[in-house]
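Source file: query21.csv (CSV, C-alpha atoms and all ligand atoms)
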```csv
chain,number,residue,atom,x,y,z
A,1,MET,CA,0.7,-15.3,22.8
A,2,THR,CA,1.3,-17.1,19.5
A,3,ARG,CA,0.5,-14.5,16.8
A,4,VAL,CA,0.1,-10.7,16.9
A,5,PHE,CA,-1.5,-8.4,14.3
A,6,SER,CA,-1.9,-4.7,14.2
A,7,GLY,CA,-2.5,-1.9,11.7
A,8,ILE,CA,-1.7,1.7,11.2
A,9,GLN,CA,-3.6,4.1,8.9
A,10,PRO,CA,-1.8,6.0,6.1
A,11,THR,CA,-3.7,9.1,6.9
A,12,GLY,CA,-0.9,11.5,7.7
A,13,GLU,CA,2.4,12.0,9.5
A,14,ILE,CA,3.2,9.2,12.0
A,15,HIS,CA,3.3,10.8,15.4
A,16,LEU,CA,4.4,10.3,19.0
A,17,GLY,CA,1.0,8.7,19.9
A,18,ASN,CA,1.4,6.1,17.2
A,19,TYR,CA,5.0,5.5,18.2
A,20,LEU,CA,4.5,5.1,21.9
A,21,GLY,CA,1.0,3.6,21.8
A,22,ALA,CA,1.6,1.0,19.1
A,23,ILE,CA,5.0,1.0,17.2
A,24,VAL,CA,7.1,0.4,20.4
A,25,ASN,CA,5.1,-2.8,21.0
A,26,TYR,CA,5.2,-3.8,17.3
A,27,VAL,CA,9.0,-3.8,17.5
A,28,ALA,CA,9.3,-5.6,20.8
A,29,LEU,CA,6.7,-8.3,19.8
A,30,GLY,CA,8.3,-8.5,16.3
A,31,ARG,CA,11.7,-9.4,17.9
A,32,ALA,CA,10.0,-12.1,20.0
A,33,LEU,CA,7.7,-13.6,17.4
A,34,GLY,CA,9.3,-13.0,14.0
A,35,PRO,CA,6.9,-14.1,11.2
A,36,ASP,CA,4.1,-14.4,13.7
A,37,ALA,CA,4.2,-10.7,14.1
A,38,ILE,CA,2.0,-9.3,11.3
A,39,TYR,CA,1.7,-5.5,10.7
A,40,CYS,CA,-0.3,-3.8,8.1
A,41,ILE,CA,-0.6,-0.3,6.7
A,42,VAL,CA,-4.4,-0.1,6.6
A,43,ASP,CA,-5.1,1.7,3.4
A,44,TYR,CA,-8.6,0.3,3.0
A,45,HIS,CA,-9.4,1.9,6.4
A,46,ALA,CA,-8.0,5.2,5.2
A,47,LEU,CA,-10.8,5.4,2.6
A,48,THR,CA,-13.3,5.7,5.4
A,49,ASN,CA,-12.0,9.0,6.5
A,50,PRO,CA,-13.3,11.6,4.1
A,51,VAL,CA,-11.3,14.4,5.6
A,52,ALA,CA,-7.9,12.8,5.7
A,53,TYR,CA,-8.2,10.6,2.6
A,54,ASP,CA,-6.4,12.0,-0.5
A,55,ARG,CA,-6.1,9.9,-3.6
A,56,GLU,CA,-2.9,11.8,-4.6
A,57,LEU,CA,-1.2,11.1,-1.3
A,58,LEU,CA,-2.4,7.6,-0.4
A,59,ALA,CA,0.4,5.6,-2.0
A,60,GLU,CA,3.1,8.0,-0.7
A,61,ARG,CA,1.6,7.9,2.9
A,62,THR,CA,1.5,4.1,2.7
A,63,PHE,CA,5.2,4.1,1.8
A,64,GLU,CA,5.9,6.6,4.6
A,65,ALA,CA,4.1,4.5,7.2
A,66,ALA,CA,6.0,1.4,6.2
A,67,LEU,CA,9.3,3.4,6.2
A,68,ILE,CA,8.8,4.8,9.7
A,69,ASN,CA,8.0,1.4,11.1
A,70,MET,CA,11.2,0.0,9.5
A,71,ALA,CA,13.1,3.0,10.8
A,72,ALA,CA,11.7,2.4,14.3
A,73,GLY,CA,13.2,-1.1,14.2
A,74,LEU,CA,10.8,-3.5,12.5
A,75,ASP,CA,12.8,-6.0,10.4
A,76,PRO,CA,10.6,-6.9,7.4
A,77,HIS,CA,12.7,-9.9,6.7
A,78,SER,CA,11.6,-11.3,10.0
A,79,VAL,CA,8.1,-9.9,10.7
A,80,ILE,CA,5.4,-9.6,8.0
A,81,LEU,CA,4.8,-5.9,6.9
A,82,PHE,CA,2.4,-5.2,4.1
A,83,ALA,CA,-0.3,-2.9,2.8
A,84,GLN,CA,-3.9,-4.0,3.5
A,85,SER,CA,-5.1,-3.5,0.0
A,86,SER,CA,-2.6,-6.1,-1.3
A,87,VAL,CA,-4.7,-8.8,0.5
A,88,PRO,CA,-8.2,-8.5,-1.0
A,89,GLU,CA,-9.2,-11.5,1.1
A,90,THR,CA,-9.6,-8.9,3.9
A,91,THR,CA,-12.7,-7.4,2.2
A,92,GLU,CA,-14.1,-10.9,1.5
A,93,LEU,CA,-13.9,-11.8,5.2
A,94,CYS,CA,-15.2,-8.3,6.1
A,95,TRP,CA,-18.3,-9.0,4.1
A,96,ILE,CA,-18.9,-12.4,5.7
A,97,LEU,CA,-18.5,-10.9,9.2
A,98,THR,CA,-20.7,-7.9,8.2
A,99,ALA,CA,-23.6,-10.3,7.4
A,100,GLN,CA,-23.5,-11.4,11.0
A,101,THR,CA,-22.8,-8.2,12.8
A,102,PRO,CA,-25.8,-6.3,14.4
A,103,LEU,CA,-26.2,-2.8,13.1
A,104,GLY,CA,-26.7,-1.6,16.7
A,105,ASP,CA,-23.3,-2.8,17.7
A,106,LEU,CA,-21.7,-0.6,15.1
A,107,GLN,CA,-23.8,2.4,15.8
A,108,ARG,CA,-22.9,2.4,19.5
A,109,MET,CA,-19.1,2.6,18.8
A,110,THR,CA,-17.8,5.8,20.4
A,111,GLN,CA,-15.4,6.6,17.6
A,112,PHE,CA,-18.2,6.2,15.0
A,113,LYS,CA,-20.5,8.5,16.9
A,114,ASP,CA,-17.7,11.1,17.5
A,115,LYS,CA,-16.5,11.1,13.8
A,116,ALA,CA,-20.0,10.9,12.3
A,117,SER,CA,-21.1,13.9,14.4
A,118,LYS,CA,-18.5,16.0,12.6
A,119,LEU,CA,-19.5,15.1,9.1
A,120,GLU,CA,-22.3,16.3,7.0
A,121,SER,CA,-22.5,13.1,5.0
A,122,VAL,CA,-21.5,9.9,6.8
A,123,PRO,CA,-19.9,7.2,4.6
A,124,ALA,CA,-21.2,3.7,5.4
A,125,GLY,CA,-17.5,2.7,5.4
A,126,LEU,CA,-17.1,4.7,8.6
A,127,LEU,CA,-19.7,2.6,10.3
A,128,MET,CA,-18.0,-0.6,9.0
A,129,TYR,CA,-14.6,0.4,10.2
A,130,PRO,CA,-14.6,-2.0,13.2
A,131,VAL,CA,-15.8,-4.9,11.1
A,132,LEU,CA,-12.9,-4.3,8.6
A,133,MET,CA,-10.6,-4.2,11.6
A,134,ALA,CA,-12.0,-7.5,12.9
A,135,ALA,CA,-11.5,-9.0,9.4
A,136,ASP,CA,-7.9,-7.9,9.5
A,137,ILE,CA,-7.2,-9.5,12.8
A,138,LEU,CA,-9.2,-12.7,12.3
A,139,LEU,CA,-7.9,-13.4,8.9
A,140,TYR,CA,-4.5,-14.1,10.5
A,141,LYS,CA,-6.0,-15.8,13.5
A,142,ALA,CA,-4.1,-13.4,15.7
A,143,ASP,CA,-4.5,-13.8,19.5
A,144,THR,CA,-2.8,-10.6,20.5
A,145,VAL,CA,-3.4,-7.0,19.2
A,146,PRO,CA,-0.9,-4.2,20.2
A,147,VAL,CA,-2.9,-1.0,19.9
A,148,GLY,CA,-3.5,2.2,21.7
A,149,GLU,CA,-6.4,2.5,24.2
A,150,ASP,CA,-8.5,4.3,21.6
A,151,GLN,CA,-8.9,0.9,19.8
A,152,ALA,CA,-10.0,-1.0,23.0
A,153,GLN,CA,-13.8,-0.8,22.2
A,154,HIS,CA,-13.2,-1.9,18.6
A,155,LEU,CA,-11.2,-4.8,19.8
A,156,GLU,CA,-13.9,-5.8,22.2
A,157,LEU,CA,-16.3,-5.9,19.2
A,158,THR,CA,-13.7,-8.0,17.3
A,159,ARG,CA,-13.9,-10.5,20.2
A,160,GLU,CA,-17.7,-10.6,19.9
A,161,ILE,CA,-17.6,-11.0,16.2
A,162,ALA,CA,-15.1,-13.9,16.6
A,163,ARG,CA,-17.3,-15.5,19.2
A,164,ARG,CA,-20.5,-15.2,17.1
A,165,PHE,CA,-18.7,-16.7,14.1
A,166,ASN,CA,-17.4,-19.6,16.2
A,167,GLN,CA,-20.8,-20.2,17.7
A,168,THR,CA,-22.4,-20.3,14.2
A,169,TYR,CA,-19.8,-22.2,12.2
A,170,GLY,CA,-17.6,-24.0,14.8
A,171,GLU,CA,-14.4,-23.0,16.4
A,172,THR,CA,-12.4,-21.0,13.9
A,173,PHE,CA,-11.0,-17.8,15.4
A,174,PRO,CA,-9.2,-17.0,18.6
A,175,GLU,CA,-10.7,-14.2,20.7
A,176,PRO,CA,-7.8,-11.7,20.5
A,177,GLN,CA,-6.5,-9.9,23.5
A,178,LEU,CA,-5.7,-6.2,23.8
A,179,TYR,CA,-2.0,-5.4,24.3
A,180,LEU,CA,-1.3,-1.9,25.5
A,181,ASN,CA,1.8,0.0,26.3
A,182,PRO,CA,1.1,0.7,30.0
A,183,GLN,CA,3.5,3.8,29.9
A,184,ALA,CA,1.5,5.4,27.1
A,185,PRO,CA,-1.9,3.9,26.4
A,186,ARG,CA,-3.3,7.3,25.3
A,187,VAL,CA,-0.9,10.0,24.3
A,188,VAL,CA,-2.6,13.4,24.5
A,189,GLY,CA,-2.3,15.9,21.7
A,190,ILE,CA,-0.4,19.2,21.8
A,191,ASP,CA,-3.7,20.9,22.5
A,192,GLY,CA,-3.5,19.1,25.9
A,193,LYS,CA,-7.1,17.9,25.5
A,194,SER,CA,-7.9,15.3,22.9
A,195,LYS,CA,-6.0,12.1,21.9
A,196,MET,CA,-3.0,12.9,19.7
A,197,SER,CA,-4.3,11.9,16.3
A,198,LYS,CA,-3.3,12.5,12.7
A,199,SER,CA,-6.8,13.7,11.7
A,200,GLN,CA,-6.9,16.2,14.6
A,201,GLY,CA,-3.8,18.1,13.6
A,202,ASN,CA,-2.5,18.0,17.2
A,203,THR,CA,0.5,15.8,16.6
A,204,LEU,CA,4.2,15.8,17.2
A,205,GLY,CA,5.6,14.0,14.2
A,206,ILE,CA,8.3,11.5,14.7
A,207,LEU,CA,10.1,12.8,11.7
A,208,GLU,CA,8.8,16.3,11.9
A,209,ASP,CA,11.2,19.1,11.1
A,210,PRO,CA,12.9,20.3,14.4
A,211,ALA,CA,12.0,23.9,13.8
A,212,SER,CA,8.3,22.9,13.6
A,213,VAL,CA,8.6,20.7,16.6
A,214,TRP,CA,10.0,23.5,18.6
A,215,GLU,CA,7.2,25.9,17.5
A,216,LYS,CA,4.7,23.3,18.8
A,217,ILE,CA,6.5,22.6,22.1
A,218,ARG,CA,7.0,26.3,22.7
A,219,GLN,CA,3.2,26.8,22.6
A,220,LEU,CA,2.3,23.8,24.7
A,221,PRO,CA,-0.3,24.7,27.4
A,222,ASP,CA,1.1,25.0,30.9
A,223,ASP,CA,-0.8,24.3,34.1
A,224,PRO,CA,-3.7,26.7,33.6
A,225,ALA,CA,-3.4,27.9,37.2
A,226,ARG,CA,0.2,29.0,36.6
A,227,ILE,CA,-0.2,32.5,35.1
A,228,ARG,CA,3.1,34.2,36.2
A,229,ARG,CA,6.6,32.7,36.4
A,230,SER,CA,6.4,33.2,40.2
A,231,ASP,CA,3.2,31.1,40.6
A,232,PRO,CA,3.7,27.5,41.8
A,233,GLY,CA,2.5,24.9,39.3
A,234,ASP,CA,1.0,21.4,39.5
A,235,PRO,CA,3.0,19.0,37.3
A,236,GLU,CA,0.0,16.7,37.1
A,237,ARG,CA,-1.9,19.4,35.2
A,238,SER,CA,1.0,20.3,32.9
A,239,VAL,CA,1.2,18.8,29.4
A,240,VAL,CA,4.9,19.6,29.3
A,241,PHE,CA,5.5,17.2,32.3
A,242,LYS,CA,3.2,14.6,30.7
A,243,PHE,CA,5.5,14.6,27.6
A,244,LEU,CA,8.7,14.8,29.6
A,245,SER,CA,7.6,11.7,31.5
A,246,TYR,CA,7.9,9.7,28.3
A,247,PHE,CA,11.6,10.6,27.9
A,248,LEU,CA,13.0,11.1,31.4
A,249,PRO,CA,13.5,8.6,34.2
A,250,PRO,CA,11.7,9.3,37.5
A,251,GLU,CA,15.0,10.2,39.2
A,252,THR,CA,15.4,13.1,36.8
A,253,LEU,CA,11.8,14.0,36.6
A,254,THR,CA,11.0,14.0,40.4
A,255,PRO,CA,13.3,16.9,41.3
A,256,LEU,CA,12.0,18.9,38.3
A,257,LYS,CA,8.5,18.4,39.6
A,258,GLU,CA,9.4,19.6,43.0
A,259,GLU,CA,11.0,22.7,41.6
A,260,TYR,CA,7.9,23.4,39.5
A,261,ARG,CA,5.7,23.1,42.6
A,262,LYS,CA,7.8,25.8,44.3
A,263,ALA,CA,7.9,28.0,41.2
A,264,GLY,CA,11.6,27.3,41.2
A,265,ILE,CA,11.7,26.5,37.5
A,266,GLY,CA,10.4,28.4,34.5
A,267,THR,CA,8.2,26.7,31.9
A,268,LEU,CA,10.4,27.8,29.0
A,269,LEU,CA,13.3,25.9,30.5
A,270,LEU,CA,11.2,22.8,30.7
A,271,LYS,CA,10.1,23.2,27.2
A,272,GLU,CA,13.7,23.5,26.0
A,273,LEU,CA,14.5,20.4,27.9
A,274,LEU,CA,11.5,18.6,26.3
A,275,PHE,CA,12.7,19.7,22.9
A,276,GLN,CA,16.2,18.4,23.4
A,277,GLU,CA,14.9,15.1,24.7
A,278,TYR,CA,12.5,14.8,21.8
A,279,LEU,CA,15.3,15.2,19.3
A,280,ARG,CA,17.5,12.8,21.2
A,281,PHE,CA,14.7,10.2,21.3
A,282,THR,CA,13.8,10.5,17.6
A,283,GLU,CA,17.3,11.0,16.3
A,284,PRO,CA,18.1,7.2,15.6
A,285,ILE,CA,14.7,6.9,13.9
A,286,ARG,CA,15.4,10.0,11.8
A,287,GLU,CA,18.8,8.6,10.7
A,288,ARG,CA,17.4,5.2,9.7
A,289,ALA,CA,14.5,6.9,7.9
A,290,ALA,CA,16.9,9.1,5.9
A,291,TRP,CA,18.8,6.0,4.9
A,292,LEU,CA,15.6,4.3,3.8
A,293,ARG,CA,14.4,7.3,1.9
A,294,ALA,CA,17.6,7.2,-0.1
A,295,HIS,CA,16.9,3.4,-0.7
A,296,PRO,CA,13.2,3.4,-1.4
A,297,GLU,CA,13.4,0.0,-3.0
A,298,GLU,CA,14.1,-1.5,0.4
A,299,VAL,CA,10.6,-0.3,1.5
A,300,TRP,CA,8.8,-1.3,-1.6
A,301,GLU,CA,10.4,-4.7,-1.7
A,302,ALA,CA,9.6,-5.3,2.0
A,303,LEU,CA,5.9,-4.4,1.2
A,304,GLU,CA,5.8,-6.7,-1.8
A,305,ALA,CA,7.4,-9.7,0.1
A,306,GLY,CA,5.2,-9.0,3.1
A,307,ALA,CA,2.1,-9.0,0.9
A,308,GLN,CA,2.9,-12.5,-0.5
A,309,ARG,CA,3.5,-13.9,2.9
A,310,ALA,CA,0.4,-12.3,4.3
A,311,ARG,CA,-1.7,-13.5,1.4
A,312,LYS,CA,-0.7,-17.1,1.9
A,313,ILE,CA,-2.1,-17.1,5.4
A,314,ALA,CA,-5.1,-15.1,4.3
A,315,ARG,CA,-6.0,-17.6,1.5
A,316,SER,CA,-5.7,-20.5,3.8
A,317,THR,CA,-8.1,-18.9,6.3
A,318,MET,CA,-10.5,-18.0,3.6
A,319,ASP,CA,-10.5,-21.6,2.2
A,320,GLU,CA,-11.6,-22.7,5.7
A,321,VAL,CA,-14.1,-19.9,6.1
A,322,ARG,CA,-15.7,-20.4,2.7
A,323,ASP,CA,-16.2,-24.1,3.5
A,324,LYS,CA,-17.7,-23.4,6.9
A,325,VAL,CA,-20.0,-20.7,5.5
A,326,GLY,CA,-21.3,-23.1,2.9
A,327,PHE,CA,-20.2,-21.6,-0.4
A,328,ALA,CA,-20.2,-24.0,-3.3
A,329,ARG,CA,-16.8,-25.8,-3.6
A,330,LEU,CA,-15.3,-25.0,-6.9
A,331,PRO,CA,-12.0,-26.2,-8.3
A,332,GLN,CA,-9.1,-24.1,-6.9
A,333,HIS,CA,-8.4,-22.2,-10.1
A,334,ALA,CA,-12.0,-21.0,-10.5
A,335,ARG,CA,-11.9,-19.5,-7.0
A,336,ARG,CA,-8.8,-17.4,-7.4
A,401,LIG,N1,-2.7,9.3,20.9
A,401,LIG,C1,-2.4,8.0,20.9
A,401,LIG,N2,-2.0,7.3,22.0
A,401,LIG,C2,-1.7,6.0,22.0
A,401,LIG,N3,-1.9,5.2,20.8
A,401,LIG,C3,-2.4,5.8,19.7
A,401,LIG,N4,-2.6,5.4,18.5
A,401,LIG,C4,-3.1,6.4,17.7
A,401,LIG,N5,-3.1,7.5,18.4
A,401,LIG,C5,-2.7,7.2,19.7
A,401,LIG,C6,-2.5,4.0,18.1
A,401,LIG,O1,-1.6,4.0,16.9
A,401,LIG,C7,-2.1,3.0,16.1
A,401,LIG,C8,-2.4,3.5,14.7
A,401,LIG,O2,-3.5,4.3,14.8
A,401,LIG,P1,-4.2,5.2,13.7
A,401,LIG,O3,-3.5,5.0,12.4
A,401,LIG,O4,-5.7,5.1,13.8
A,401,LIG,O5,-3.7,6.7,14.3
A,401,LIG,P2,-4.4,8.1,14.4
A,401,LIG,O6,-3.3,9.1,14.5
A,401,LIG,O7,-5.4,8.0,15.4
A,401,LIG,O8,-4.9,8.2,12.9
A,401,LIG,P3,-6.1,9.0,12.3
A,401,LIG,O9,-6.0,8.9,10.9
A,401,LIG,O10,-6.2,10.4,12.9
A,401,LIG,O11,-7.3,8.2,12.8
A,401,LIG,P4,-8.4,8.5,13.9
A,401,LIG,O12,-9.1,9.7,13.4
A,401,LIG,O13,-9.2,7.2,13.8
A,401,LIG,O14,-7.8,8.7,15.2
A,401,LIG,C9,-3.3,2.3,16.7
A,401,LIG,O15,-2.9,1.2,17.4
A,401,LIG,C10,-3.8,3.4,17.7
A,401,LIG,O16,-4.5,2.9,18.8
```
As a first step, turn the structure in this file into structure tokens.
Amino acid sequence: MTRVFSGIQPTGEIHLGNYLGAIVNYVALGRALGPDAIYCIVDYHALTNPVAYDRELLAERTFEAALINMAAGLDPHSVILFAQSSVPETTELCWILTAQTPLGDLQRMTQFKDKASKLESVPAGLLMYPVLMAADILLYKADTVPVGEDQAQHLELTREIARRFNQTYGETFPEPQLYLNPQAPRVVGIDGKSKMSKSQGNTLGILEDPASVWEKIRQLPDDPARIRRSDPGDPERSVVFKFLSYFLPPETLTPLKEEYRKAGIGTLLLKELLFQEYLRFTEPIRERAAWLRAHPEEVWEALEAGAQRARKIARSTMDEVRDKVGFARLPQHARR
């Protein structure tokens, strides 16, 4: 592993799925790799989501996404943290990769099919989402991509896109590897069914107001077979236990599961425990977020410095790509 890249969409409140599936790894890999850990708030991607995109909120959400990553432990003086739209080379590479990508490959993407099926009018950008993601990753020649499992298919396509480019134009891009958090590759939403996702409205926000968190935890579905308090439950079918497993070690969790199987413990008690653990877990992030909110310049300056550092790498890759693709060589100043 020499360089990692990942992105997070500014489409709403950053949630437990984003945190466990991606941000935990951003922080760990950032500590190991410093400036070779590159993280991006993918605001170009946010435009492809006609439901969540809101012009009035985009800049604020970009700020919030950067803030929470910093509050979670990313050190922007060490890693590179920036907003995607501050590196326009991304869209240039995206176009070049688009020219080579078969339409059928994009149409068979599960996320595209799922999201498109819910829309009356499907923006072409939604179809292009994985090519833009490939451009993001390849622009920095990243070999490792920490993401949740929902992005595995897109990453596989990125690998194909890199392979095709290398075959056509000569070895240029590494084929990046997926890097999952094995403890939480796919965090389920509070509905207990679909993936926790900003656009599904089924999230537990990392910085969400505690009263609202409690309201959501209180209503979490129990094992559907457990109707009365006296019914034994199956912890494997309980969303409450699923969430508890993220916060409690097995030696604490196992006796609770045994009690649940014997109807020895009520669901409300488990939910109260989950609420306490959630607050304990998020408390240090909340504290650092409050400090950053009082010092917004720290976040804006981090994004600005990150953009400059990212752009330097991006320009160098694009010089190479432009040459390989065969564009006319113009004096440097005319190109930029
Ligand atoms: N539920 C999840 N479990 C594990 N990882 C997850 N990720 C997202 N949800 C989960 C990972 O978080 C990173 C950022 O993803 P995102 O910005 O696409 O998050 P989202 O909540 O899924 O956002 P949206 O706006 O609602 O997008 P869609 O509708 O595309 O899901 C990624 O690494 C992702 O894998």
Considering all atoms listed in the file, return as a PyMOL selection string whatever protein or nucleic-acid residues lie within 6 Å of stretch 140-154 of chain A, sequence-local ones (same chain, fewer than 5 positions apart) excluded. chain A and resi 3-6+21-22+130+173-174+176-180+185-186
Could you list, as a VMD selection string, all protein and nucleic acid residues with an atom at most 9 Å from ligand LIG 401 (chain A), counting all atoms listed in the file? chain A and resid 6 to 23 41 to 42 45 to 46 49 52 to 53 111 115 145 to 152 180 to 181 184 to 189 194 to 201 203
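Pairwise distance (atom CA of A:Ala225, atom CA of A:Leu244) equals 19.4 Å.
We find atom CA of A:Val122 and atom CA of A:Cys94 to be spaced 19.3 Å apart.
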Tell me which residues come within 12 Å of (6.3, -5.7, 14.7), as a ChimeraX atom specification, counting all atoms listed in the file in the file's coordinates. /A:3-8,19,22-41,66,68-82,144-147
Quick one: write out the picked residues with C-alpha atoms as a PDB file, keeping the file's coordinate frame?
```pdb
ATOM      1  CA  ARG A   3       0.500 -14.500  16.800  1.00  0.00           C
ATOM      2  CA  VAL A   4       0.100 -10.700  16.900  1.00  0.00           C
ATOM      3  CA  PHE A   5      -1.500  -8.400  14.300  1.00  0.00           C
ATOM      4  CA  SER A   6      -1.900  -4.700  14.200  1.00  0.00           C
ATOM      5  CA  GLY A   7      -2.500  -1.900  11.700  1.00  0.00           C
ATOM      6  CA  ILE A   8      -1.700   1.700  11.200  1.00  0.00           C
ATOM      7  CA  TYR A  19       5.000   5.500  18.200  1.00  0.00           C
ATOM      8  CA  ALA A  22       1.600   1.000  19.100  1.00  0.00           C
ATOM      9  CA  ILE A  23       5.000   1.000  17.200  1.00  0.00           C
ATOM     10  CA  VAL A  24       7.100   0.400  20.400  1.00  0.00           C
ATOM     11  CA  ASN A  25       5.100  -2.800  21.000  1.00  0.00           C
ATOM     12  CA  TYR A  26       5.200  -3.800  17.300  1.00  0.00           C
ATOM     13  CA  VAL A  27       9.000  -3.800  17.500  1.00  0.00           C
ATOM     14  CA  ALA A  28       9.300  -5.600  20.800  1.00  0.00           C
ATOM     15  CA  LEU A  29       6.700  -8.300  19.800  1.00  0.00           C
ATOM     16  CA  GLY A  30       8.300  -8.500  16.300  1.00  0.00           C
ATOM     17  CA  ARG A  31      11.700  -9.400  17.900  1.00  0.00           C
ATOM     18  CA  ALA A  32      10.000 -12.100  20.000  1.00  0.00           C
ATOM     19  CA  LEU A  33       7.700 -13.600  17.400  1.00  0.00           C
ATOM     20  CA  GLY A  34       9.300 -13.000  14.000  1.00  0.00           C
ATOM     21  CA  PRO A  35       6.900 -14.100  11.200  1.00  0.00           C
ATOM     22  CA  ASP A  36       4.100 -14.400  13.700  1.00  0.00           C
ATOM     23  CA  ALA A  37       4.200 -10.700  14.100  1.00  0.00           C
ATOM     24  CA  ILE A  38       2.000  -9.300  11.300  1.00  0.00           C
ATOM     25  CA  TYR A  39       1.700  -5.500  10.700  1.00  0.00           C
ATOM     26  CA  CYS A  40      -0.300  -3.800   8.100  1.00  0.00           C
ATOM     27  CA  ILE A  41      -0.600  -0.300   6.700  1.00  0.00           C
ATOM     28  CA  ALA A  66       6.000   1.400   6.200  1.00  0.00           C
ATOM     29  CA  ILE A  68       8.800   4.800   9.700  1.00  0.00           C
ATOM     30  CA  ASN A  69       8.000   1.400  11.100  1.00  0.00           C
ATOM     31  CA  MET A  70      11.200   0.000   9.500  1.00  0.00           C
ATOM     32  CA  ALA A  71      13.100   3.000  10.800  1.00  0.00           C
ATOM     33  CA  ALA A  72      11.700   2.400  14.300  1.00  0.00           C
ATOM     34  CA  GLY A  73      13.200  -1.100  14.200  1.00  0.00           C
ATOM     35  CA  LEU A  74      10.800  -3.500  12.500  1.00  0.00           C
ATOM     36  CA  ASP A  75      12.800  -6.000  10.400  1.00  0.00           C
ATOM     37  CA  PRO A  76      10.600  -6.900   7.400  1.00  0.00           C
ATOM     38  CA  HIS A  77      12.700  -9.900   6.700  1.00  0.00           C
ATOM     39  CA  SER A  78      11.600 -11.300  10.000  1.00  0.00           C
ATOM     40  CA  VAL A  79       8.100  -9.900  10.700  1.00  0.00           C
ATOM     41  CA  ILE A  80       5.400  -9.600   8.000  1.00  0.00           C
ATOM     42  CA  LEU A  81       4.800  -5.900   6.900  1.00  0.00           C
ATOM     43  CA  PHE A  82       2.400  -5.200   4.100  1.00  0.00           C
ATOM     44  CA  THR A 144      -2.800 -10.600  20.500  1.00  0.00           C
ATOM     45  CA  VAL A 145      -3.400  -7.000  19.200  1.00  0.00           C
ATOM     46  CA  PRO A 146      -0.900  -4.200  20.200  1.00  0.00           C
ATOM     47  CA  VAL A 147      -2.900  -1.000  19.900  1.00  0.00           C
TER      48      VAL A 147
END
```
Residue nearest A:Phe63 - candidates A:Asp43, A:Glu258, A:Asp209, A:Glu171, atoms counted: all atoms listed in the file: A:Asp43
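We find atom CA of A:Glu89 and atom CA of A:Arg164 to be spaced 19.9 Å apart.
In terms of minimum interatomic distance to A:Thr98, A:Thr158 ranks closest within A:Thr267, A:Thr110, A:Thr252, A:Thr158, counting all atoms listed in the file.
Once A:Glu283 and its same-chain neighbours fewer than 2 positions away are set aside, Ala71, Ala72, Ile206, Leu207, Glu208, Asp209, Pro210, Phe275, Gln276, Glu277, Tyr278, Leu279, Arg280, Phe281, Ile285, Arg286, Glu287, Arg288, Ala289 and Ala290 of chain A remain within 12 Å of it when counting only C-alpha atoms.
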